[in-house]
Amino acid sequence: MTSRQRVMAALRREAVDRTPVCNPTSVATVELMDLVRAPFPDANRNPEMMARLAATSYTELGFDSVMPVFSIIQESSALGCKMQWEQKDNWPTVRMREPIWVEPDDIKIPPDFLTHPDMKCVLDAIKILRKEYGNEVAIIGKTMGPWTLGYHCFGVEPFLLMSLDDPGKTKLCLDRMKEATVQFGLAQIEAGADALTLPDHATGDLVSGEYYKRYLLDLHIELAERLPAALILHICGKTLDRMDYIAQTGMAAFHYDSKNLPSEAMSIVGNRISLVGNINNPETLFSKGPETVREEVYRNLESGVHLVGPECAIPLQTSIENLKEISRSVKDWHKDHSTSN
Amino acid sequence: MDPHFHDISIALYRQESETGPTLLVHTYSSIEGAQQRIETLSATMATIGAMQQVEGAACQLRFSCGARHQLASRRLFLEACKLPPEGTSQPRPLSIFDKKSSANVTVSSLGNGVYQLSTDGDSEAASRRCSAITGGLAKLGEMESVEDGENRIAFSCGHAHDELTGLLLVRALNVRSTLREQEMAAARGQLAAPSAQKQ
Amino acid sequence: MATISDISNEFVRNEIEEYIEEPDERERLLTTYAKISPEMQEIGAALVDGQHLTVDELTQKALAAGTDALEVMDDGLIAAMQIVGIKFRENFIYVPEVLGCARAMKAGMKHIQPILSASGIKPIAKVVMGTVKGDLHDIGKNLCIMMLQGAGFEVIDLGVDTKPDEFLAAVEENEAPLMGMSALLTTTMPNMAVTIEAFIDEDLRDDVRIMVGGAPVTQEFADEMGADGYGKDAMECVALAKRLVAEAVETPG
């Protein structure tokens with residue numbers, strides 16, 4: 001199987017020759033930036049650099065996917081949010097303390113949304129990757145969900161207070177913002193993306209599982225229907241209490257955090273949605289060595305997780321050696337298990 | 001990331017060789033001058049930490065004792081990275097002025113990797129600080145307490161590492177958690193009054 | 001020993017019965033509330049329920065009636081925040097509800113703060129708080145600040161994206177014995193270690209107790225970088241702050 005076939009099959013829970021190593025969120029590091037001369041912040045704004053850096057997950061690390069959208073700011077930038085572009089060792093961020101919207105009627109998707117430089121950069125990078133790698137590797141794009149856009153554009157505290165004070169208004173805002181999600185998603189599919197990561201940060205560290213059901217379940221079902229590509233929902237933090245709902249969305253996969261045990265996650269979702277994850281970033285990939293990485297990879301494989309990878313965008317100072325260990329470990333595990341069979 | 005050279009990323013890798021553990025100073029950057037930068041950095045580590053460069057590998061280092069000295073080597077790397085590449089680097093002395101006790105703390109090498117700390121201050125505070133700094137140094141260097149002497153610690157490899165000790169001494173002044181460990185160890189086995197047990 | 005029937009306010013009684021499961025905490029709250037006047041319990045009930053307008057109104061009414069500002073703060077607001085903190089820790093409520101309670105607390109404090117400032121009442125200690133360099137998230141920090149203020153600390157809030165030298169300057173300028181750093185991103189967590197390094201380089205590390213927190217931060221990471229403590233949520237932050245300040249008094253430097 002090619003890497004691309006492997007990833008797409010796993011997203012459909014079909015048979016694979018081995019578990020794919022997949023990165024639905026950023027695997028960019030300062031070492032990889034040095035390797036291909038594509039440092040942040042420029043690699044977030046220049047399509048050639050963006051594609052070059054994204055490709056390293058396949059060419060250097062042995063992953064089966066590439067994902068060029070390293071940060072989570074493109075849509076918010078195009079919608080008019082104020083940005084902080086940072087330096088090489090940090091992702092660009094939205095200045096959420098300077099929100100641009102207060103009321104539902106403030107929500108406007110500008111006519112030049114898709115041609116905004118930060119959006120166009122992603123679309124061009126996907127085209128470059130598709131042209132360069134053809135059918136070899138799965139290209140995963142990224143489109144931010146409306147809950148996260150709410151944080152960015154309304155500010156986190158105001159948005160969460162709105163959700164408490166006025167559920168109707170909140171749902172209206174989400175409904176309007178989801179159009180940005182759809183537009184950008186469709187454009188990336190047209191540019192050549194095989195799948196889309198959909199980060200929508202209704203994390204258990206902030207809101208309840210009931211909140212997910214109330215505000216996002218129906219919306220996510222709709223997004224899965226409207227976006228004609230495999231969707232990989234990403235929510236950080238504790239999410240066991242909402243995984244049953246997530247499994248009902250019709251999305252292809254759920255990218256889950258190390259705060260949730262692989263075995264428990266699998267027992268909840270069953271065969272309704274693929275799981276991607278969940279190697280710990282700050283403690284394992286960033287702080288420990290290859291031995292610990294291998295342990296976590298094996299734990300996921302033994303639980304039957306469909307695609308193995310880091311739990312979230314990895315710390316930029318993560319070592320290449322630890323990242324390479326992920327692919328090595330997956331291959332070794334499969335070799336051992338096919339031998340023992 | 002190296003602030004002295006275009007923010008290139010430089011990493012210290014642990015490796016095993018036929019002669020024992022080594023450390024590799026490495027960068028993935030290929031910009032002009034990157035290789036020279038890491039060679040200079042390796043040389044600095046060799047000087048201020050008395051490490052040996054592995055023959056034929058300018059950026060691979062080892063301690064002459066053959067031991068790993070993991071925590072200390074990490075600290076050595078970080079301190080070497082902070083130093084500007086131009087100018088000469090020298091090992092740190094084995095004494096330091098402690099502002100808190102207004103006294104000099106001296107580390108004497110007794111041989112076989114054993115070190116004795118002493119203070120020229122004669123107050124209770126100076127004595128307490130000497131003890132705390134000894135603890136700090138032990139923690140930073142992964143050294144063990146030696147029973148036949150107060151404020152006496154030793155590297156488990158049994159070899160002297162004066163340069164490394166001088167480097168770590170600077171930071172040992174600020175390692176407070178050691179004091180808490182000492183208090184806990186001293187308090188073990190003692191009942192605390194109920195009022196002292198409540199938060 | 002106080003019992004549930006000693007509490008006059010029905011809402012507060014129900015909150016304690018339903019949500020406070022840990023025996024020590026329950027006993028402590030029962031003892032506290034048994035001594036609190038019905039008027040203060042009413043303020044507390046409104047706070048726990050997130051009714052900021054009611055808290056505003058009742059606080060003003062109590063102060064106008066001559067109730068001591070400190071009593072309104074301690075008995076009306078802070079006691080209620082204990083219930084909120086426990087409910088949050090045990091996942092009975094989440095951040096939106098806590099923000100609602102925080103808003104209610106602020107509504108009461110805006111009338112109390114000027115009175116306390118004028119009366120010269122000393123805080124427990126000063127604490128400098130900030131989100132580290134490169135990180136623009138502050139929700140966790142803000143919750144901690146609110147709880148710390150409620151517990152009697154004077155907080156110097158440096159905001160987000162705080163550089164090491166800004167932490168240094170704030171600690172020195174305010175002679176703060178305590179400092180807290182927050183980070184929400186794994187990319188910015190290393191800046192906690194960088195900041196602690198800066199304190200060591202300036203030979204100021206021993207002058208301040210440093211606590212850390214944030215979603216990706218763990219005890220192990222905190223120990224690794226040389227912090228004095230780690231708090232996994234706002235309640236733990238307050239308990240940690242009190243412990244570290246007590247330590248600072250007992251073992252200076």
# chains A, B, ... in the order shown; residues from 1 in each chain; ligands from 1
>>> interface_residues(of="chain B", to="chain A", cutoff="9 Å", atoms="only C-alpha atoms", output="list in words")
Met1, Asp7, Ile8, Ser9, Ile10, Ala11, Thr27, Tyr28, Ser29, Ser30 and Ile31 of chain B
>>> closest_atom_pairs(of="chain C", to="chain A", cutoff="8 Å", atoms="only C-alpha atoms", output="tab-separated table")
residue	atom	partner	partner_atom	distance
C:Ile93	CA	A:Ser208	CA	7.7
C:Tyr94	CA	A:Val207	CA	5.3
C:Val95	CA	A:Leu206	CA	5.1
C:Pro96	CA	A:Leu160	CA	5.1
C:Glu97	CA	A:Leu164	CA	6.9
C:Leu99	CA	A:Leu161	CA	6.7
C:Gly100	CA	A:Leu161	CA	6.7
C:Gly134	CA	A:Asn90	CA	6.6
C:Asp135	CA	A:Thr93	CA	7.9
C:Leu136	CA	A:Arg95	CA	6.7
C:His137	CA	A:Met96	CA	7.8
C:Ile139	CA	A:Glu157	CA	7.0
C:Thr186	CA	A:Pro315	CA	5.2
C:Thr187	CA	A:Pro315	CA	4.6
C:Thr188	CA	A:Asn90	CA	7.1
C:Ala215	CA	A:Asp205	CA	7.6
C:Pro216	CA	A:Pro282	CA	6.8
C:Val217	CA	A:Pro282	CA	7.8
C:Phe221	CA	A:Glu283	CA	7.2
>>> interface_residues(of="chain C", to="chain B", cutoff="10 Å", atoms="only C-alpha atoms", output="list in words")
Glu197, Phe199, Ile200, Asp201, Asp203, Leu204, Arg205, Asp206, Asp207, Arg209, Asp223, Gly226, Ala227, Asp228, Gly229, Ala239, Leu240, Lys242, Arg243, Glu247, Thr251, Pro252 and Gly253 of chain C
>>> residues_around(residues="segment 169-177 of chain C", least_positions_apart="4", cutoff="9 Å", atoms="only C-alpha atoms", output="PyMOL selection string")
chain C and resi 125-128+156+158+164-165+204+207-210+244-245+248
>>> write_last_selection(atoms="N, CA and C atoms", output="PDB file, in the first residue's frame")
ATOM      1  N   ALA C 125      -0.231  38.378  51.265  1.00  0.00           N
ATOM      2  CA  ALA C 125       1.067  38.557  50.605  1.00  0.00           C
ATOM      3  C   ALA C 125       0.807  39.039  49.194  1.00  0.00           C
ATOM      4  N   LYS C 126       1.858  39.533  48.578  1.00  0.00           N
ATOM      5  CA  LYS C 126       1.743  39.940  47.173  1.00  0.00           C
ATOM      6  C   LYS C 126       2.130  38.756  46.300  1.00  0.00           C
ATOM      7  N   VAL C 127       1.428  38.611  45.203  1.00  0.00           N
ATOM      8  CA  VAL C 127       1.799  37.571  44.250  1.00  0.00           C
ATOM      9  C   VAL C 127       1.739  38.138  42.834  1.00  0.00           C
ATOM     10  N   VAL C 128       2.803  37.920  42.098  1.00  0.00           N
ATOM     11  CA  VAL C 128       2.877  38.358  40.700  1.00  0.00           C
ATOM     12  C   VAL C 128       2.392  37.208  39.827  1.00  0.00           C
ATOM     13  N   ILE C 156      -0.564  41.111  41.489  1.00  0.00           N
ATOM     14  CA  ILE C 156      -0.053  42.006  40.425  1.00  0.00           C
ATOM     15  C   ILE C 156      -0.165  41.197  39.135  1.00  0.00           C
ATOM     16  N   LEU C 158       0.331  40.610  35.401  1.00  0.00           N
ATOM     17  CA  LEU C 158       1.151  41.080  34.283  1.00  0.00           C
ATOM     18  C   LEU C 158       0.516  40.780  32.924  1.00  0.00           C
ATOM     19  N   PRO C 164      10.522  37.123  30.578  1.00  0.00           N
ATOM     20  CA  PRO C 164      11.213  36.887  31.854  1.00  0.00           C
ATOM     21  C   PRO C 164      11.613  38.174  32.571  1.00  0.00           C
ATOM     22  N   ASP C 165      12.107  39.166  31.821  1.00  0.00           N
ATOM     23  CA  ASP C 165      12.552  40.364  32.536  1.00  0.00           C
ATOM     24  C   ASP C 165      11.374  41.160  33.102  1.00  0.00           C
ATOM     25  N   LEU C 204      18.230  35.942  41.969  1.00  0.00           N
ATOM     26  CA  LEU C 204      16.999  36.305  42.671  1.00  0.00           C
ATOM     27  C   LEU C 204      16.120  35.091  42.944  1.00  0.00           C
ATOM     28  N   ASP C 207      14.729  34.566  46.335  1.00  0.00           N
ATOM     29  CA  ASP C 207      13.897  35.624  46.909  1.00  0.00           C
ATOM     30  C   ASP C 207      12.413  35.422  46.623  1.00  0.00           C
ATOM     31  N   VAL C 208      12.088  34.464  45.802  1.00  0.00           N
ATOM     32  CA  VAL C 208      10.690  34.317  45.395  1.00  0.00           C
ATOM     33  C   VAL C 208      10.323  32.846  45.250  1.00  0.00           C
ATOM     34  N   ARG C 209       9.120  32.499  45.676  1.00  0.00           N
ATOM     35  CA  ARG C 209       8.583  31.160  45.439  1.00  0.00           C
ATOM     36  C   ARG C 209       7.823  31.201  44.124  1.00  0.00           C
ATOM     37  N   ILE C 210       8.100  30.217  43.270  1.00  0.00           N
ATOM     38  CA  ILE C 210       7.489  30.233  41.943  1.00  0.00           C
ATOM     39  C   ILE C 210       6.583  29.023  41.774  1.00  0.00           C
ATOM     40  N   LEU C 244       3.256  28.105  50.191  1.00  0.00           N
ATOM     41  CA  LEU C 244       4.554  28.688  49.804  1.00  0.00           C
ATOM     42  C   LEU C 244       4.844  29.972  50.589  1.00  0.00           C
ATOM     43  N   VAL C 245       3.814  30.737  50.836  1.00  0.00           N
ATOM     44  CA  VAL C 245       4.013  31.972  51.609  1.00  0.00           C
ATOM     45  C   VAL C 245       4.412  31.617  53.049  1.00  0.00           C
ATOM     46  N   ALA C 248       7.942  30.696  53.020  1.00  0.00           N
ATOM     47  CA  ALA C 248       8.801  31.873  52.836  1.00  0.00           C
ATOM     48  C   ALA C 248       9.009  32.578  54.167  1.00  0.00           C
TER      49      ALA C 248
END
>>> residues_around(residues="Gly180 of chain C", least_positions_apart="6", cutoff="10 Å", atoms="only C-alpha atoms", output="list of chain:residue names")
C:Val127, C:Val128, C:Met129, C:Gly130, C:Thr131, C:Val132, C:Lys141, C:Cys144, C:Ile145, C:Val155, C:Asp157, C:Phe167, C:Met192, C:Arg209, C:Ile210, C:Met211, C:Val212, C:Gly213, C:Ala227, C:Asp228, C:Gly229, C:Tyr230, C:Gly231, C:Cys237, C:Ala241
>>> write_last_selection(atoms="N, CA and C atoms", output="PDB file, in the first residue's frame")
ATOM      1  N   VAL C 127       1.428  38.611  45.203  1.00  0.00           N
ATOM      2  CA  VAL C 127       1.799  37.571  44.250  1.00  0.00           C
ATOM      3  C   VAL C 127       1.739  38.138  42.834  1.00  0.00           C
ATOM      4  N   VAL C 128       2.803  37.920  42.098  1.00  0.00           N
ATOM      5  CA  VAL C 128       2.877  38.358  40.700  1.00  0.00           C
ATOM      6  C   VAL C 128       2.392  37.208  39.827  1.00  0.00           C
ATOM      7  N   MET C 129       1.463  37.499  38.929  1.00  0.00           N
ATOM      8  CA  MET C 129       0.920  36.441  38.068  1.00  0.00           C
ATOM      9  C   MET C 129       1.023  36.864  36.602  1.00  0.00           C
ATOM     10  N   GLY C 130       1.321  35.896  35.758  1.00  0.00           N
ATOM     11  CA  GLY C 130       1.366  36.210  34.335  1.00  0.00           C
ATOM     12  C   GLY C 130       1.355  34.945  33.492  1.00  0.00           C
ATOM     13  N   THR C 131       0.888  35.084  32.264  1.00  0.00           N
ATOM     14  CA  THR C 131       1.030  34.010  31.278  1.00  0.00           C
ATOM     15  C   THR C 131       2.364  34.243  30.589  1.00  0.00           C
ATOM     16  N   VAL C 132       3.075  33.162  30.311  1.00  0.00           N
ATOM     17  CA  VAL C 132       4.459  33.312  29.846  1.00  0.00           C
ATOM     18  C   VAL C 132       4.563  33.869  28.431  1.00  0.00           C
ATOM     19  N   LYS C 141      -5.300  31.597  34.250  1.00  0.00           N
ATOM     20  CA  LYS C 141      -4.643  32.592  35.107  1.00  0.00           C
ATOM     21  C   LYS C 141      -5.675  33.483  35.769  1.00  0.00           C
ATOM     22  N   CYS C 144      -7.423  31.806  38.584  1.00  0.00           N
ATOM     23  CA  CYS C 144      -6.530  31.733  39.749  1.00  0.00           C
ATOM     24  C   CYS C 144      -6.434  33.083  40.448  1.00  0.00           C
ATOM     25  N   ILE C 145      -6.322  34.135  39.668  1.00  0.00           N
ATOM     26  CA  ILE C 145      -6.203  35.478  40.251  1.00  0.00           C
ATOM     27  C   ILE C 145      -7.427  35.803  41.079  1.00  0.00           C
ATOM     28  N   VAL C 155      -2.772  40.737  44.151  1.00  0.00           N
ATOM     29  CA  VAL C 155      -2.223  40.164  42.924  1.00  0.00           C
ATOM     30  C   VAL C 155      -1.774  41.269  41.977  1.00  0.00           C
ATOM     31  N   ASP C 157      -1.107  41.582  38.297  1.00  0.00           N
ATOM     32  CA  ASP C 157      -1.398  40.809  37.091  1.00  0.00           C
ATOM     33  C   ASP C 157      -0.615  41.383  35.906  1.00  0.00           C
ATOM     34  N   PHE C 167       8.737  39.616  34.474  1.00  0.00           N
ATOM     35  CA  PHE C 167       8.490  38.923  35.743  1.00  0.00           C
ATOM     36  C   PHE C 167       9.508  39.401  36.789  1.00  0.00           C
ATOM     37  N   MET C 192       8.606  28.831  30.807  1.00  0.00           N
ATOM     38  CA  MET C 192       8.571  28.815  32.276  1.00  0.00           C
ATOM     39  C   MET C 192       9.985  28.523  32.790  1.00  0.00           C
ATOM     40  N   ARG C 209       9.120  32.499  45.676  1.00  0.00           N
ATOM     41  CA  ARG C 209       8.583  31.160  45.439  1.00  0.00           C
ATOM     42  C   ARG C 209       7.823  31.201  44.124  1.00  0.00           C
ATOM     43  N   ILE C 210       8.100  30.217  43.270  1.00  0.00           N
ATOM     44  CA  ILE C 210       7.489  30.233  41.943  1.00  0.00           C
ATOM     45  C   ILE C 210       6.583  29.023  41.774  1.00  0.00           C
ATOM     46  N   MET C 211       5.320  29.309  41.452  1.00  0.00           N
ATOM     47  CA  MET C 211       4.379  28.226  41.170  1.00  0.00           C
ATOM     48  C   MET C 211       3.960  28.297  39.701  1.00  0.00           C
ATOM     49  N   VAL C 212       3.632  27.134  39.156  1.00  0.00           N
ATOM     50  CA  VAL C 212       3.276  27.066  37.744  1.00  0.00           C
ATOM     51  C   VAL C 212       1.979  26.283  37.563  1.00  0.00           C
ATOM     52  N   GLY C 213       1.326  26.549  36.449  1.00  0.00           N
ATOM     53  CA  GLY C 213       0.091  25.831  36.135  1.00  0.00           C
ATOM     54  C   GLY C 213      -0.303  26.062  34.696  1.00  0.00           C
ATOM     55  N   ALA C 227      10.477  24.641  39.501  1.00  0.00           N
ATOM     56  CA  ALA C 227       9.450  25.453  40.157  1.00  0.00           C
ATOM     57  C   ALA C 227       9.277  24.965  41.590  1.00  0.00           C
ATOM     58  N   ASP C 228       8.690  25.826  42.423  1.00  0.00           N
ATOM     59  CA  ASP C 228       8.472  25.433  43.817  1.00  0.00           C
ATOM     60  C   ASP C 228       7.169  24.695  43.994  1.00  0.00           C
ATOM     61  N   GLY C 229       6.274  24.810  43.055  1.00  0.00           N
ATOM     62  CA  GLY C 229       5.007  24.113  43.185  1.00  0.00           C
ATOM     63  C   GLY C 229       4.211  24.141  41.902  1.00  0.00           C
ATOM     64  N   TYR C 230       3.271  23.218  41.821  1.00  0.00           N
ATOM     65  CA  TYR C 230       2.397  23.113  40.654  1.00  0.00           C
ATOM     66  C   TYR C 230       0.966  23.020  41.159  1.00  0.00           C
ATOM     67  N   GLY C 231       0.089  23.786  40.550  1.00  0.00           N
ATOM     68  CA  GLY C 231      -1.326  23.725  40.905  1.00  0.00           C
ATOM     69  C   GLY C 231      -2.138  23.323  39.706  1.00  0.00           C
ATOM     70  N   CYS C 237      -4.210  26.221  43.351  1.00  0.00           N
ATOM     71  CA  CYS C 237      -3.338  27.399  43.271  1.00  0.00           C
ATOM     72  C   CYS C 237      -3.378  28.157  44.591  1.00  0.00           C
ATOM     73  N   ALA C 241      -0.370  28.576  47.119  1.00  0.00           N
ATOM     74  CA  ALA C 241       0.102  29.932  47.425  1.00  0.00           C
ATOM     75  C   ALA C 241       0.233  30.114  48.938  1.00  0.00           C
TER      76      ALA C 241
END
>>> atom_distance(atom1="atom CA of Tyr212 of chain A", atom2="atom CA of Pro199 of chain A")
13.3 Å
>>> closest_residue(among="C:Gly76, C:Gly108, C:Gly150, C:Gly50", to="Ile124 of chain C", atoms="only C-alpha atoms")
C:Gly150
>>> residues_around(residues="Val330 of chain A", least_positions_apart="2", cutoff="12 Å", atoms="only C-alpha atoms", output="PyMOL selection string")
chain A and resi 17-22+62-64+293-302+305-309+323-328+332-337
>>> residues_around(residues="segment 75-84 of chain B", least_positions_apart="5", cutoff="7 Å", atoms="only C-alpha atoms", output="PDB file with N, CA and C atoms, in the first residue's frame")
ATOM      1  N   ASP B   2      19.921  28.989  19.141  1.00  0.00           N
ATOM      2  CA  ASP B   2      21.162  29.676  19.489  1.00  0.00           C
ATOM      3  C   ASP B   2      21.048  31.168  19.193  1.00  0.00           C
ATOM      4  N   HIS B   4      23.235  33.310  19.543  1.00  0.00           N
ATOM      5  CA  HIS B   4      24.502  33.839  19.033  1.00  0.00           C
ATOM      6  C   HIS B   4      24.716  33.534  17.552  1.00  0.00           C
ATOM      7  N   LEU B  41      31.154  25.489  19.957  1.00  0.00           N
ATOM      8  CA  LEU B  41      30.382  25.158  21.162  1.00  0.00           C
ATOM      9  C   LEU B  41      30.937  23.915  21.846  1.00  0.00           C
ATOM     10  N   THR B  44      34.043  24.751  23.633  1.00  0.00           N
ATOM     11  CA  THR B  44      33.719  25.487  24.875  1.00  0.00           C
ATOM     12  C   THR B  44      33.314  24.510  25.970  1.00  0.00           C
ATOM     13  N   MET B  45      32.488  23.544  25.621  1.00  0.00           N
ATOM     14  CA  MET B  45      32.074  22.542  26.604  1.00  0.00           C
ATOM     15  C   MET B  45      33.288  21.765  27.107  1.00  0.00           C
ATOM     16  N   GLY B  49      33.977  22.369  31.007  1.00  0.00           N
ATOM     17  CA  GLY B  49      33.515  21.178  31.713  1.00  0.00           C
ATOM     18  C   GLY B  49      34.565  20.073  31.741  1.00  0.00           C
TER      19      GLY B  49
END
>>> select_by_dssp(residues="segment 2-63 of chain B", states="helix (DSSP H, G or I)", output="PDB file with N, CA and C atoms, in the first residue's frame")
ATOM      1  N   ALA B  34      27.231  27.156  10.275  1.00  0.00           N
ATOM      2  CA  ALA B  34      26.553  26.377  11.323  1.00  0.00           C
ATOM      3  C   ALA B  34      27.487  25.312  11.899  1.00  0.00           C
ATOM      4  N   GLN B  35      28.201  24.636  11.026  1.00  0.00           N
ATOM      5  CA  GLN B  35      29.100  23.579  11.490  1.00  0.00           C
ATOM      6  C   GLN B  35      30.196  24.162  12.383  1.00  0.00           C
ATOM      7  N   GLN B  36      30.747  25.306  11.976  1.00  0.00           N
ATOM      8  CA  GLN B  36      31.799  25.942  12.802  1.00  0.00           C
ATOM      9  C   GLN B  36      31.232  26.322  14.158  1.00  0.00           C
ATOM     10  N   ARG B  37      29.990  26.758  14.159  1.00  0.00           N
ATOM     11  CA  ARG B  37      29.380  27.182  15.424  1.00  0.00           C
ATOM     12  C   ARG B  37      29.310  26.009  16.402  1.00  0.00           C
ATOM     13  N   ILE B  38      28.883  24.861  15.894  1.00  0.00           N
ATOM     14  CA  ILE B  38      28.762  23.749  16.841  1.00  0.00           C
ATOM     15  C   ILE B  38      30.132  23.193  17.227  1.00  0.00           C
ATOM     16  N   GLU B  39      31.092  23.355  16.360  1.00  0.00           N
ATOM     17  CA  GLU B  39      32.458  22.944  16.743  1.00  0.00           C
ATOM     18  C   GLU B  39      32.991  23.856  17.848  1.00  0.00           C
ATOM     19  N   THR B  40      32.707  25.143  17.706  1.00  0.00           N
ATOM     20  CA  THR B  40      33.140  26.098  18.737  1.00  0.00           C
ATOM     21  C   THR B  40      32.445  25.782  20.059  1.00  0.00           C
ATOM     22  N   LEU B  41      31.154  25.489  19.957  1.00  0.00           N
ATOM     23  CA  LEU B  41      30.382  25.158  21.162  1.00  0.00           C
ATOM     24  C   LEU B  41      30.937  23.915  21.846  1.00  0.00           C
ATOM     25  N   SER B  42      31.262  22.906  21.051  1.00  0.00           N
ATOM     26  CA  SER B  42      31.828  21.674  21.606  1.00  0.00           C
ATOM     27  C   SER B  42      33.149  21.975  22.302  1.00  0.00           C
ATOM     28  N   ALA B  43      33.964  22.797  21.679  1.00  0.00           N
ATOM     29  CA  ALA B  43      35.252  23.156  22.277  1.00  0.00           C
ATOM     30  C   ALA B  43      35.043  23.892  23.589  1.00  0.00           C
ATOM     31  N   THR B  44      34.043  24.751  23.633  1.00  0.00           N
ATOM     32  CA  THR B  44      33.719  25.487  24.875  1.00  0.00           C
ATOM     33  C   THR B  44      33.314  24.510  25.970  1.00  0.00           C
ATOM     34  N   MET B  45      32.488  23.544  25.621  1.00  0.00           N
ATOM     35  CA  MET B  45      32.074  22.542  26.604  1.00  0.00           C
ATOM     36  C   MET B  45      33.288  21.765  27.107  1.00  0.00           C
ATOM     37  N   ALA B  46      34.181  21.457  26.193  1.00  0.00           N
ATOM     38  CA  ALA B  46      35.384  20.718  26.590  1.00  0.00           C
ATOM     39  C   ALA B  46      36.200  21.534  27.589  1.00  0.00           C
ATOM     40  N   THR B  47      36.278  22.842  27.357  1.00  0.00           N
ATOM     41  CA  THR B  47      37.089  23.699  28.237  1.00  0.00           C
ATOM     42  C   THR B  47      36.421  23.893  29.592  1.00  0.00           C
ATOM     43  N   ILE B  48      35.178  24.340  29.599  1.00  0.00           N
ATOM     44  CA  ILE B  48      34.571  24.714  30.872  1.00  0.00           C
ATOM     45  C   ILE B  48      34.085  23.507  31.663  1.00  0.00           C
ATOM     46  N   GLY B  49      33.977  22.369  31.007  1.00  0.00           N
ATOM     47  CA  GLY B  49      33.515  21.178  31.713  1.00  0.00           C
ATOM     48  C   GLY B  49      34.565  20.073  31.741  1.00  0.00           C
TER      49      GLY B  49
END
>>> residues_around(residues="Gly111 of chain B", least_positions_apart="5", cutoff="9 Å", atoms="only C-alpha atoms", output="mmCIF file with N, CA and C atoms, in the first residue's frame")
data_model
loop_
_atom_site.group_PDB
_atom_site.id
_atom_site.type_symbol
_atom_site.label_atom_id
_atom_site.label_comp_id
_atom_site.auth_asym_id
_atom_site.auth_seq_id
_atom_site.Cartn_x
_atom_site.Cartn_y
_atom_site.Cartn_z
ATOM 1 N N GLY B 158 33.689 8.323 41.162
ATOM 2 C CA GLY B 158 34.938 8.239 41.905
ATOM 3 C C GLY B 158 36.075 9.054 41.309
ATOM 4 N N HIS B 159 35.751 9.940 40.371
ATOM 5 C CA HIS B 159 36.787 10.773 39.758
ATOM 6 C C HIS B 159 36.504 12.253 40.019
ATOM 7 N N ALA B 160 37.590 13.028 40.035
ATOM 8 C CA ALA B 160 37.450 14.468 40.251
ATOM 9 C C ALA B 160 36.889 15.128 39.006
#
>>> select_by_dssp(residues="chain B", states="strand (DSSP E or B)", output="short mmCIF file (atom, residue, chain, number, x, y, z; two decimals) with C-alpha atoms, in the first residue's frame")
data_model
loop_
_atom_site.label_atom_id
_atom_site.label_comp_id
_atom_site.auth_asym_id
_atom_site.auth_seq_id
_atom_site.Cartn_x
_atom_site.Cartn_y
_atom_site.Cartn_z
CA ILE B 10 21.31 22.97 18.47
CA ALA B 11 20.73 19.77 20.39
CA LEU B 12 22.77 17.58 22.68
CA TYR B 13 22.31 13.90 21.94
CA ARG B 14 23.27 11.05 24.22
CA GLN B 15 25.03 8.29 22.38
CA GLU B 16 26.78 5.06 23.21
CA SER B 17 30.17 4.19 21.78
CA GLY B 20 31.14 4.30 26.80
CA PRO B 21 28.61 7.11 26.75
CA THR B 22 29.29 10.17 24.64
CA LEU B 23 27.48 13.39 23.88
CA LEU B 24 26.94 14.69 20.40
CA VAL B 25 26.43 18.38 19.73
CA HIS B 26 24.35 18.57 16.61
CA THR B 27 22.44 20.95 14.40
CA GLN B 52 37.36 15.19 26.00
CA GLN B 53 36.61 15.42 22.32
CA GLN B 60 31.38 14.40 20.08
CA LEU B 61 32.45 14.61 23.72
CA ARG B 62 32.96 12.35 26.67
CA SER B 95 34.66 29.29 45.35
CA ILE B 96 31.87 31.80 45.25
CA PHE B 97 30.59 34.74 47.25
CA ASP B 98 27.15 34.00 48.70
CA ALA B 103 30.40 34.89 53.08
CA ASN B 104 32.62 33.01 50.67
CA VAL B 105 31.81 29.37 50.06
CA THR B 106 34.75 27.25 48.97
CA VAL B 107 34.74 23.76 47.50
CA SER B 108 37.83 21.69 48.20
CA SER B 109 38.61 18.67 46.11
CA LEU B 110 39.62 15.79 48.40
CA GLY B 111 40.38 13.35 45.60
CA VAL B 114 34.95 13.79 46.88
CA TYR B 115 34.31 17.47 47.58
CA GLN B 116 34.06 19.38 50.85
CA LEU B 117 32.21 22.70 51.11
CA SER B 118 33.09 25.27 53.71
CA THR B 119 32.23 28.86 54.48
CA GLU B 144 25.96 11.53 46.97
CA SER B 145 26.45 12.58 50.55
CA ARG B 152 30.87 16.48 51.97
CA ILE B 153 29.63 15.03 48.70
CA ALA B 154 31.03 12.83 45.96
#
